[in-house]
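J.: Just one file: query.cif, with mmCIF, N, CA and C atoms.
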```cif
data_structure
loop_
_atom_site.group_PDB
_atom_site.id
_atom_site.type_symbol
_atom_site.label_atom_id
_atom_site.label_comp_id
_atom_site.auth_asym_id
_atom_site.auth_seq_id
_atom_site.Cartn_x
_atom_site.Cartn_y
_atom_site.Cartn_z
ATOM 1 N N VAL Q 114 11.081 6.097 3.045
ATOM 2 C CA VAL Q 114 10.151 5.266 3.793
ATOM 3 C C VAL Q 114 10.763 5.012 5.168
ATOM 4 N N ARG Q 115 10.073 5.444 6.211
ATOM 5 C CA ARG Q 115 10.572 5.220 7.573
ATOM 6 C C ARG Q 115 10.220 3.817 8.041
ATOM 7 N N LEU Q 116 8.975 3.392 7.830
ATOM 8 C CA LEU Q 116 8.518 2.062 8.233
ATOM 9 C C LEU Q 116 7.661 1.478 7.127
ATOM 10 N N PHE Q 117 7.681 0.155 7.014
ATOM 11 C CA PHE Q 117 6.763 -0.492 6.080
ATOM 12 C C PHE Q 117 6.374 -1.850 6.631
ATOM 13 N N HIS Q 118 5.200 -2.290 6.236
ATOM 14 C CA HIS Q 118 4.725 -3.623 6.580
ATOM 15 C C HIS Q 118 3.883 -4.120 5.414
ATOM 16 N N CYS Q 119 4.107 -5.348 5.033
ATOM 17 C CA CYS Q 119 3.337 -5.966 3.969
ATOM 18 C C CYS Q 119 2.804 -7.293 4.507
ATOM 19 N N GLY Q 120 1.555 -7.587 4.229
ATOM 20 C CA GLY Q 120 1.001 -8.839 4.715
ATOM 21 C C GLY Q 120 -0.315 -9.186 4.048
ATOM 22 N N ARG Q 121 -0.706 -10.431 4.237
ATOM 23 C CA ARG Q 121 -1.993 -10.895 3.717
ATOM 24 C C ARG Q 121 -3.116 -10.478 4.667
ATOM 25 N N MET Q 122 -4.312 -10.406 4.112
ATOM 26 C CA MET Q 122 -5.483 -10.040 4.901
ATOM 27 C C MET Q 122 -5.715 -11.068 6.009
ATOM 28 N N ALA Q 123 -6.002 -10.586 7.186
ATOM 29 C CA ALA Q 123 -6.404 -11.453 8.286
ATOM 30 C C ALA Q 123 -7.919 -11.581 8.259
ATOM 31 N N THR Q 124 -8.420 -12.788 8.302
ATOM 32 C CA THR Q 124 -9.873 -12.968 8.295
ATOM 33 C C THR Q 124 -10.456 -12.500 9.622
ATOM 34 N N SER Q 125 -11.701 -12.091 9.572
ATOM 35 C CA SER Q 125 -12.373 -11.569 10.758
ATOM 36 C C SER Q 125 -13.839 -11.960 10.725
ATOM 37 N N GLU Q 126 -14.380 -12.214 11.884
ATOM 38 C CA GLU Q 126 -15.821 -12.469 12.003
ATOM 39 C C GLU Q 126 -16.611 -11.164 11.917
ATOM 40 N N ARG Q 127 -15.920 -10.028 12.047
ATOM 41 C CA ARG Q 127 -16.574 -8.711 12.041
ATOM 42 C C ARG Q 127 -16.695 -8.176 10.624
ATOM 43 N N LYS Q 128 -17.318 -8.938 9.750
ATOM 44 C CA LYS Q 128 -17.429 -8.566 8.340
ATOM 45 C C LYS Q 128 -18.186 -7.256 8.136
ATOM 46 N N ASP Q 129 -18.978 -6.856 9.126
ATOM 47 C CA ASP Q 129 -19.730 -5.608 9.005
ATOM 48 C C ASP Q 129 -18.839 -4.379 9.124
ATOM 49 N N VAL Q 130 -17.664 -4.496 9.757
ATOM 50 C CA VAL Q 130 -16.786 -3.335 9.931
ATOM 51 C C VAL Q 130 -15.357 -3.565 9.438
ATOM 52 N N VAL Q 131 -14.969 -4.797 9.187
ATOM 53 C CA VAL Q 131 -13.604 -5.094 8.751
ATOM 54 C C VAL Q 131 -13.588 -5.329 7.240
ATOM 55 N N ASP Q 132 -12.824 -4.511 6.530
ATOM 56 C CA ASP Q 132 -12.708 -4.645 5.079
ATOM 57 C C ASP Q 132 -11.994 -5.946 4.744
ATOM 58 N N GLN Q 133 -12.658 -6.808 4.012
ATOM 59 C CA GLN Q 133 -12.064 -8.067 3.592
ATOM 60 C C GLN Q 133 -12.094 -8.191 2.074
ATOM 61 N N SER Q 134 -11.960 -7.051 1.401
ATOM 62 C CA SER Q 134 -12.039 -7.024 -0.053
ATOM 63 C C SER Q 134 -10.669 -7.065 -0.724
ATOM 64 N N TYR Q 135 -9.639 -7.378 0.021
ATOM 65 C CA TYR Q 135 -8.288 -7.395 -0.530
ATOM 66 C C TYR Q 135 -7.584 -8.681 -0.117
ATOM 67 N N SER Q 136 -6.451 -8.944 -0.726
ATOM 68 C CA SER Q 136 -5.685 -10.139 -0.351
ATOM 69 C C SER Q 136 -4.335 -9.784 0.250
ATOM 70 N N VAL Q 137 -3.741 -8.675 -0.167
ATOM 71 C CA VAL Q 137 -2.441 -8.240 0.340
ATOM 72 C C VAL Q 137 -2.494 -6.742 0.603
ATOM 73 N N ALA Q 138 -1.855 -6.319 1.690
ATOM 74 C CA ALA Q 138 -1.793 -4.892 2.012
ATOM 75 C C ALA Q 138 -0.346 -4.474 2.211
ATOM 76 N N LEU Q 139 -0.065 -3.236 1.856
ATOM 77 C CA LEU Q 139 1.239 -2.625 2.081
ATOM 78 C C LEU Q 139 1.000 -1.336 2.832
ATOM 79 N N ASN Q 140 1.647 -1.194 3.977
ATOM 80 C CA ASN Q 140 1.518 -0.002 4.798
ATOM 81 C C ASN Q 140 2.877 0.680 4.840
ATOM 82 N N LEU Q 141 2.936 1.925 4.374
ATOM 83 C CA LEU Q 141 4.174 2.702 4.364
ATOM 84 C C LEU Q 141 4.012 3.913 5.255
ATOM 85 N N THR Q 142 5.047 4.215 6.039
ATOM 86 C CA THR Q 142 5.041 5.391 6.907
ATOM 87 C C THR Q 142 6.194 6.297 6.494
ATOM 88 N N PHE Q 143 5.890 7.582 6.331
ATOM 89 C CA PHE Q 143 6.881 8.583 5.945
ATOM 90 C C PHE Q 143 7.004 9.611 7.062
ATOM 91 N N ASP Q 144 8.168 10.244 7.167
ATOM 92 C CA ASP Q 144 8.362 11.278 8.183
ATOM 93 C C ASP Q 144 7.606 12.553 7.852
ATOM 94 N N THR Q 145 7.521 12.871 6.559
ATOM 95 C CA THR Q 145 6.873 14.116 6.160
ATOM 96 C C THR Q 145 6.048 13.898 4.897
ATOM 97 N N LYS Q 146 5.156 14.826 4.615
ATOM 98 C CA LYS Q 146 4.381 14.796 3.375
ATOM 99 C C LYS Q 146 5.323 14.920 2.180
ATOM 100 N N ALA Q 147 6.369 15.710 2.314
ATOM 101 C CA ALA Q 147 7.342 15.856 1.229
ATOM 102 C C ALA Q 147 8.018 14.521 0.926
ATOM 103 N N ASP Q 148 8.309 13.732 1.954
ATOM 104 C CA ASP Q 148 8.899 12.405 1.741
ATOM 105 C C ASP Q 148 7.928 11.501 0.982
ATOM 106 N N GLN Q 149 6.648 11.560 1.341
ATOM 107 C CA GLN Q 149 5.640 10.752 0.657
ATOM 108 C C GLN Q 149 5.504 11.201 -0.796
ATOM 109 N N ASP Q 150 5.525 12.490 -1.033
ATOM 110 C CA ASP Q 150 5.449 13.010 -2.400
ATOM 111 C C ASP Q 150 6.650 12.548 -3.228
ATOM 112 N N ALA Q 151 7.835 12.565 -2.635
ATOM 113 C CA ALA Q 151 9.045 12.130 -3.342
ATOM 114 C C ALA Q 151 8.976 10.642 -3.677
ATOM 115 N N TYR Q 152 8.420 9.846 -2.766
ATOM 116 C CA TYR Q 152 8.266 8.408 -2.999
ATOM 117 C C TYR Q 152 7.396 8.135 -4.222
ATOM 118 N N GLN Q 153 6.335 8.907 -4.389
ATOM 119 C CA GLN Q 153 5.387 8.681 -5.484
ATOM 120 C C GLN Q 153 6.041 8.775 -6.852
ATOM 121 N N VAL Q 154 7.065 9.590 -6.990
ATOM 122 C CA VAL Q 154 7.709 9.783 -8.291
ATOM 123 C C VAL Q 154 9.126 9.202 -8.341
ATOM 124 N N HIS Q 155 9.521 8.503 -7.292
ATOM 125 C CA HIS Q 155 10.872 7.920 -7.264
ATOM 126 C C HIS Q 155 10.995 6.837 -8.342
ATOM 127 N N PRO Q 156 12.105 6.808 -9.069
ATOM 128 C CA PRO Q 156 12.273 5.814 -10.141
ATOM 129 C C PRO Q 156 12.079 4.363 -9.695
ATOM 130 N N LEU Q 157 12.514 3.991 -8.500
ATOM 131 C CA LEU Q 157 12.323 2.610 -8.041
ATOM 132 C C LEU Q 157 10.846 2.291 -7.810
ATOM 133 N N HIS Q 158 10.106 3.254 -7.295
ATOM 134 C CA HIS Q 158 8.669 3.056 -7.094
ATOM 135 C C HIS Q 158 7.968 2.915 -8.449
ATOM 136 N N LEU Q 159 8.287 3.801 -9.362
ATOM 137 C CA LEU Q 159 7.664 3.749 -10.686
ATOM 138 C C LEU Q 159 8.029 2.463 -11.421
ATOM 139 N N GLU Q 160 9.260 2.006 -11.267
ATOM 140 C CA GLU Q 160 9.685 0.748 -11.888
ATOM 141 C C GLU Q 160 8.904 -0.436 -11.300
ATOM 142 N N PHE Q 161 8.722 -0.440 -9.985
ATOM 143 C CA PHE Q 161 7.960 -1.496 -9.332
ATOM 144 C C PHE Q 161 6.531 -1.543 -9.856
ATOM 145 N N VAL Q 162 5.901 -0.387 -9.941
ATOM 146 C CA VAL Q 162 4.524 -0.316 -10.434
ATOM 147 C C VAL Q 162 4.436 -0.867 -11.853
ATOM 148 N N GLU Q 163 5.330 -0.443 -12.719
ATOM 149 C CA GLU Q 163 5.296 -0.931 -14.094
ATOM 150 C C GLU Q 163 5.529 -2.434 -14.174
ATOM 151 N N LYS Q 164 6.454 -2.930 -13.380
ATOM 152 C CA LYS Q 164 6.818 -4.352 -13.425
ATOM 153 C C LYS Q 164 5.691 -5.256 -12.944
ATOM 154 N N TYR Q 165 4.940 -4.822 -11.923
ATOM 155 C CA TYR Q 165 3.972 -5.706 -11.271
ATOM 156 C C TYR Q 165 2.508 -5.336 -11.479
ATOM 157 N N ARG Q 166 2.217 -4.248 -12.164
ATOM 158 C CA ARG Q 166 0.826 -3.795 -12.285
ATOM 159 C C ARG Q 166 -0.085 -4.825 -12.937
ATOM 160 N N ALA Q 167 0.454 -5.685 -13.770
ATOM 161 C CA ALA Q 167 -0.376 -6.709 -14.415
ATOM 162 C C ALA Q 167 -0.904 -7.731 -13.413
ATOM 163 N N ASN Q 168 -0.299 -7.794 -12.229
ATOM 164 C CA ASN Q 168 -0.730 -8.741 -11.190
ATOM 165 C C ASN Q 168 -1.890 -8.208 -10.348
ATOM 166 N N TRP Q 169 -2.243 -6.954 -10.512
ATOM 167 C CA TRP Q 169 -3.262 -6.323 -9.687
ATOM 168 C C TRP Q 169 -4.557 -6.163 -10.446
ATOM 169 N N THR Q 170 -5.657 -6.494 -9.813
ATOM 170 C CA THR Q 170 -6.955 -6.202 -10.408
ATOM 171 C C THR Q 170 -7.503 -4.887 -9.856
ATOM 172 N N ARG Q 171 -7.006 -4.490 -8.677
ATOM 173 C CA ARG Q 171 -7.487 -3.262 -8.043
ATOM 174 C C ARG Q 171 -6.436 -2.787 -7.050
ATOM 175 N N VAL Q 172 -6.255 -1.491 -6.956
ATOM 176 C CA VAL Q 172 -5.365 -0.892 -5.966
ATOM 177 C C VAL Q 172 -6.177 0.186 -5.250
ATOM 178 N N VAL Q 173 -6.132 0.155 -3.932
ATOM 179 C CA VAL Q 173 -6.807 1.167 -3.116
ATOM 180 C C VAL Q 173 -5.749 1.839 -2.249
ATOM 181 N N VAL Q 174 -5.757 3.161 -2.228
ATOM 182 C CA VAL Q 174 -4.776 3.914 -1.451
ATOM 183 C C VAL Q 174 -5.517 4.730 -0.394
ATOM 184 N N TYR Q 175 -5.045 4.640 0.838
ATOM 185 C CA TYR Q 175 -5.555 5.454 1.930
ATOM 186 C C TYR Q 175 -4.412 6.327 2.424
ATOM 187 N N ASP Q 176 -4.503 7.626 2.233
ATOM 188 C CA ASP Q 176 -3.518 8.555 2.764
ATOM 189 C C ASP Q 176 -4.114 9.208 4.014
ATOM 190 N N PHE Q 177 -3.326 9.252 5.067
ATOM 191 C CA PHE Q 177 -3.795 9.897 6.296
ATOM 192 C C PHE Q 177 -2.610 10.424 7.074
ATOM 193 N N GLU Q 178 -2.869 11.379 7.947
ATOM 194 C CA GLU Q 178 -1.811 11.979 8.788
ATOM 195 C C GLU Q 178 -1.939 11.468 10.198
#
```
In structure tokens, what does this structure look like?
T.:
Amino acid sequence: VRLFHCGRMATSERKDVVDQSYSVALNLTFDTKADQDAYQVHPLHLEFVEKYRANWTRVVVYDFE
């Protein structure tokens, strides 16, 4: 992971274009697609998912270049 940011949703008056269907977001930046692929199966990532998945009602992932 080269960069990451985690934060709560910022409210907006622009409800027509700003997604407000979440409470917390995590943004991760990788140097390469291979780095992102390695992150998906890394033991620490998998451990985190198992440990905290009961706290989530929904997870949405946006992958982009």
J.: Evaluated on this file, the PyMOL selection byres ((chain Q and resi 138) around 7) picks out some residues - which ones are they, written as a list in words?
T.: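 Against this file, the PyMOL selection byres ((chain Q and resi 138) around 7) returns the residues His118, Cys119, Gly120, Arg121, Met122, Tyr135, Ser136, Val137, Leu139 and Asn140 of chain Q.
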J.: Please write as a list of chain:residue names the full residue list that the PyMOL selection byres ((chain Q and resi 142-155) around 8) yields on this file.
T.: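 Evaluating the PyMOL selection byres ((chain Q and resi 142-155) around 8) on these coordinates yields Q:Val114, Q:Arg115, Q:Leu116, Q:Phe117, Q:His118, Q:Leu139, Q:Asn140, Q:Leu141, Q:Pro156, Q:Leu157, Q:His158, Q:Leu159, Q:Glu160, Q:Phe161.
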J.: Could you write out the selected residues, including N, CA and C atoms, as a compact mmCIF listing (two decimals), in the frame of the given file?
T.:
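See result29.txt below for the written result:
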```txt
# COMPACT_ATOMS: atom_id res chain seq x y z
N VAL Q 114 11.08 6.10 3.04
CA VAL Q 114 10.15 5.27 3.79
C VAL Q 114 10.76 5.01 5.17
N ARG Q 115 10.07 5.44 6.21
CA ARG Q 115 10.57 5.22 7.57
C ARG Q 115 10.22 3.82 8.04
N LEU Q 116 8.98 3.39 7.83
CA LEU Q 116 8.52 2.06 8.23
C LEU Q 116 7.66 1.48 7.13
N PHE Q 117 7.68 0.16 7.01
CA PHE Q 117 6.76 -0.49 6.08
C PHE Q 117 6.37 -1.85 6.63
N HIS Q 118 5.20 -2.29 6.24
CA HIS Q 118 4.72 -3.62 6.58
C HIS Q 118 3.88 -4.12 5.41
N LEU Q 139 -0.06 -3.24 1.86
CA LEU Q 139 1.24 -2.62 2.08
C LEU Q 139 1.00 -1.34 2.83
N ASN Q 140 1.65 -1.19 3.98
CA ASN Q 140 1.52 0.00 4.80
C ASN Q 140 2.88 0.68 4.84
N LEU Q 141 2.94 1.92 4.37
CA LEU Q 141 4.17 2.70 4.36
C LEU Q 141 4.01 3.91 5.26
N PRO Q 156 12.10 6.81 -9.07
CA PRO Q 156 12.27 5.81 -10.14
C PRO Q 156 12.08 4.36 -9.70
N LEU Q 157 12.51 3.99 -8.50
CA LEU Q 157 12.32 2.61 -8.04
C LEU Q 157 10.85 2.29 -7.81
N HIS Q 158 10.11 3.25 -7.30
CA HIS Q 158 8.67 3.06 -7.09
C HIS Q 158 7.97 2.92 -8.45
N LEU Q 159 8.29 3.80 -9.36
CA LEU Q 159 7.66 3.75 -10.69
C LEU Q 159 8.03 2.46 -11.42
N GLU Q 160 9.26 2.01 -11.27
CA GLU Q 160 9.68 0.75 -11.89
C GLU Q 160 8.90 -0.44 -11.30
N PHE Q 161 8.72 -0.44 -9.98
CA PHE Q 161 7.96 -1.50 -9.33
C PHE Q 161 6.53 -1.54 -9.86
```
J.: Could you go through chain Q and tell me which residues DSSP, when run on the backbone, assigns to helix (DSSP H, G or I), listing them as a PyMOL selection string?
T.: chain Q and resi 146-154+156-168
J.: Please measure the separation of atom CA of Arg171 of chain Q and atom C of Glu126 of chain Q, giving the value in Å to one decimal.
T.: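 It comes out at 23.3 Å.
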J.: May I have all residues of chain Q that DSSP, computed from the backbone, assigns to strand (DSSP E), given as number ranges by chain?
T.: Q: 116-121, 137-142
J.: Rounded to one decimal place, report the atom N of Val173 of chain Q-atom C of Ser134 of chain Q distance in Å.
T.: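 Those two atoms sit 9.1 Å apart.
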J.: Just the number, please: distance in Å from atom C of Val130 of chain Q to atom CA of Tyr175 of chain Q, one decimal.
T.: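 For atom C of Val130 of chain Q relative to atom CA of Tyr175 of chain Q, the distance reads 15.3 Å.
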J.: Can you take chain Q from the block and write C-alpha atoms as an mmCIF file, in the first residue's frame?
T.:
```cif
data_model
loop_
_atom_site.group_PDB
_atom_site.id
_atom_site.type_symbol
_atom_site.label_atom_id
_atom_site.label_comp_id
_atom_site.auth_asym_id
_atom_site.auth_seq_id
_atom_site.Cartn_x
_atom_site.Cartn_y
_atom_site.Cartn_z
ATOM 1 C CA VAL Q 114 0.000 0.000 0.000
ATOM 2 C CA ARG Q 115 1.590 3.274 -1.102
ATOM 3 C CA LEU Q 116 -1.084 5.600 0.334
ATOM 4 C CA PHE Q 117 -4.209 5.138 2.399
ATOM 5 C CA HIS Q 118 -6.914 7.309 3.877
ATOM 6 C CA CYS Q 119 -9.791 6.294 6.095
ATOM 7 C CA GLY Q 120 -12.589 8.607 7.139
ATOM 8 C CA ARG Q 121 -16.257 9.114 7.831
ATOM 9 C CA MET Q 122 -18.650 10.278 5.143
ATOM 10 C CA ALA Q 123 -18.839 14.030 4.698
ATOM 11 C CA THR Q 124 -22.410 15.242 4.378
ATOM 12 C CA SER Q 125 -23.328 17.133 1.239
ATOM 13 C CA GLU Q 126 -26.266 19.147 -0.011
ATOM 14 C CA ARG Q 127 -25.630 17.574 -3.448
ATOM 15 C CA LYS Q 128 -27.543 14.389 -2.650
ATOM 16 C CA ASP Q 129 -28.339 13.961 -6.347
ATOM 17 C CA VAL Q 130 -24.665 13.298 -7.214
ATOM 18 C CA VAL Q 131 -22.851 12.596 -3.924
ATOM 19 C CA ASP Q 132 -23.109 9.038 -2.598
ATOM 20 C CA GLN Q 133 -24.200 9.202 1.024
ATOM 21 C CA SER Q 134 -25.012 5.525 1.461
ATOM 22 C CA TYR Q 135 -21.991 4.721 3.621
ATOM 23 C CA SER Q 136 -20.580 5.747 6.981
ATOM 24 C CA VAL Q 137 -16.846 5.006 6.638
ATOM 25 C CA ALA Q 138 -14.582 4.846 3.593
ATOM 26 C CA LEU Q 139 -11.113 3.422 3.072
ATOM 27 C CA ASN Q 140 -9.080 4.565 0.088
ATOM 28 C CA LEU Q 141 -5.956 2.556 -0.784
ATOM 29 C CA THR Q 142 -3.441 3.430 -3.496
ATOM 30 C CA PHE Q 143 -1.042 0.856 -4.951
ATOM 31 C CA ASP Q 144 1.918 1.368 -7.284
ATOM 32 C CA THR Q 145 0.917 -1.483 -9.572
ATOM 33 C CA LYS Q 146 -1.955 -3.868 -10.271
ATOM 34 C CA ALA Q 147 0.314 -6.673 -9.055
ATOM 35 C CA ASP Q 148 0.671 -4.877 -5.701
ATOM 36 C CA GLN Q 149 -3.120 -4.590 -5.429
ATOM 37 C CA ASP Q 150 -3.514 -8.275 -6.293
ATOM 38 C CA ALA Q 151 -0.956 -9.231 -3.622
ATOM 39 C CA TYR Q 152 -2.806 -7.114 -1.037
ATOM 40 C CA GLN Q 153 -6.060 -8.993 -1.683
ATOM 41 C CA VAL Q 154 -4.556 -12.302 -0.555
ATOM 42 C CA HIS Q 155 -2.072 -11.017 2.036
ATOM 43 C CA PRO Q 156 -2.500 -12.786 5.407
ATOM 44 C CA LEU Q 157 -2.867 -9.487 7.321
ATOM 45 C CA HIS Q 158 -5.623 -8.320 4.978
ATOM 46 C CA LEU Q 159 -7.445 -11.639 5.221
ATOM 47 C CA GLU Q 160 -7.085 -11.620 9.016
ATOM 48 C CA PHE Q 161 -8.538 -8.098 9.184
ATOM 49 C CA VAL Q 162 -11.520 -9.096 7.057
ATOM 50 C CA GLU Q 163 -12.248 -12.139 9.197
ATOM 51 C CA LYS Q 164 -11.860 -10.214 12.454
ATOM 52 C CA TYR Q 165 -14.127 -7.285 11.528
ATOM 53 C CA ARG Q 166 -16.574 -8.583 8.900
ATOM 54 C CA ALA Q 167 -19.327 -8.941 11.501
ATOM 55 C CA ASN Q 168 -19.281 -5.132 11.876
ATOM 56 C CA TRP Q 169 -20.192 -4.544 8.222
ATOM 57 C CA THR Q 170 -23.638 -4.685 6.716
ATOM 58 C CA ARG Q 171 -22.327 -3.875 3.231
ATOM 59 C CA VAL Q 172 -18.967 -3.451 1.510
ATOM 60 C CA VAL Q 173 -18.600 -1.679 -1.831
ATOM 61 C CA VAL Q 174 -15.326 -1.774 -3.759
ATOM 62 C CA TYR Q 175 -14.379 0.603 -6.563
ATOM 63 C CA ASP Q 176 -11.250 -0.384 -8.486
ATOM 64 C CA PHE Q 177 -9.880 2.142 -10.955
ATOM 65 C CA GLU Q 178 -6.605 3.084 -12.648
#
```
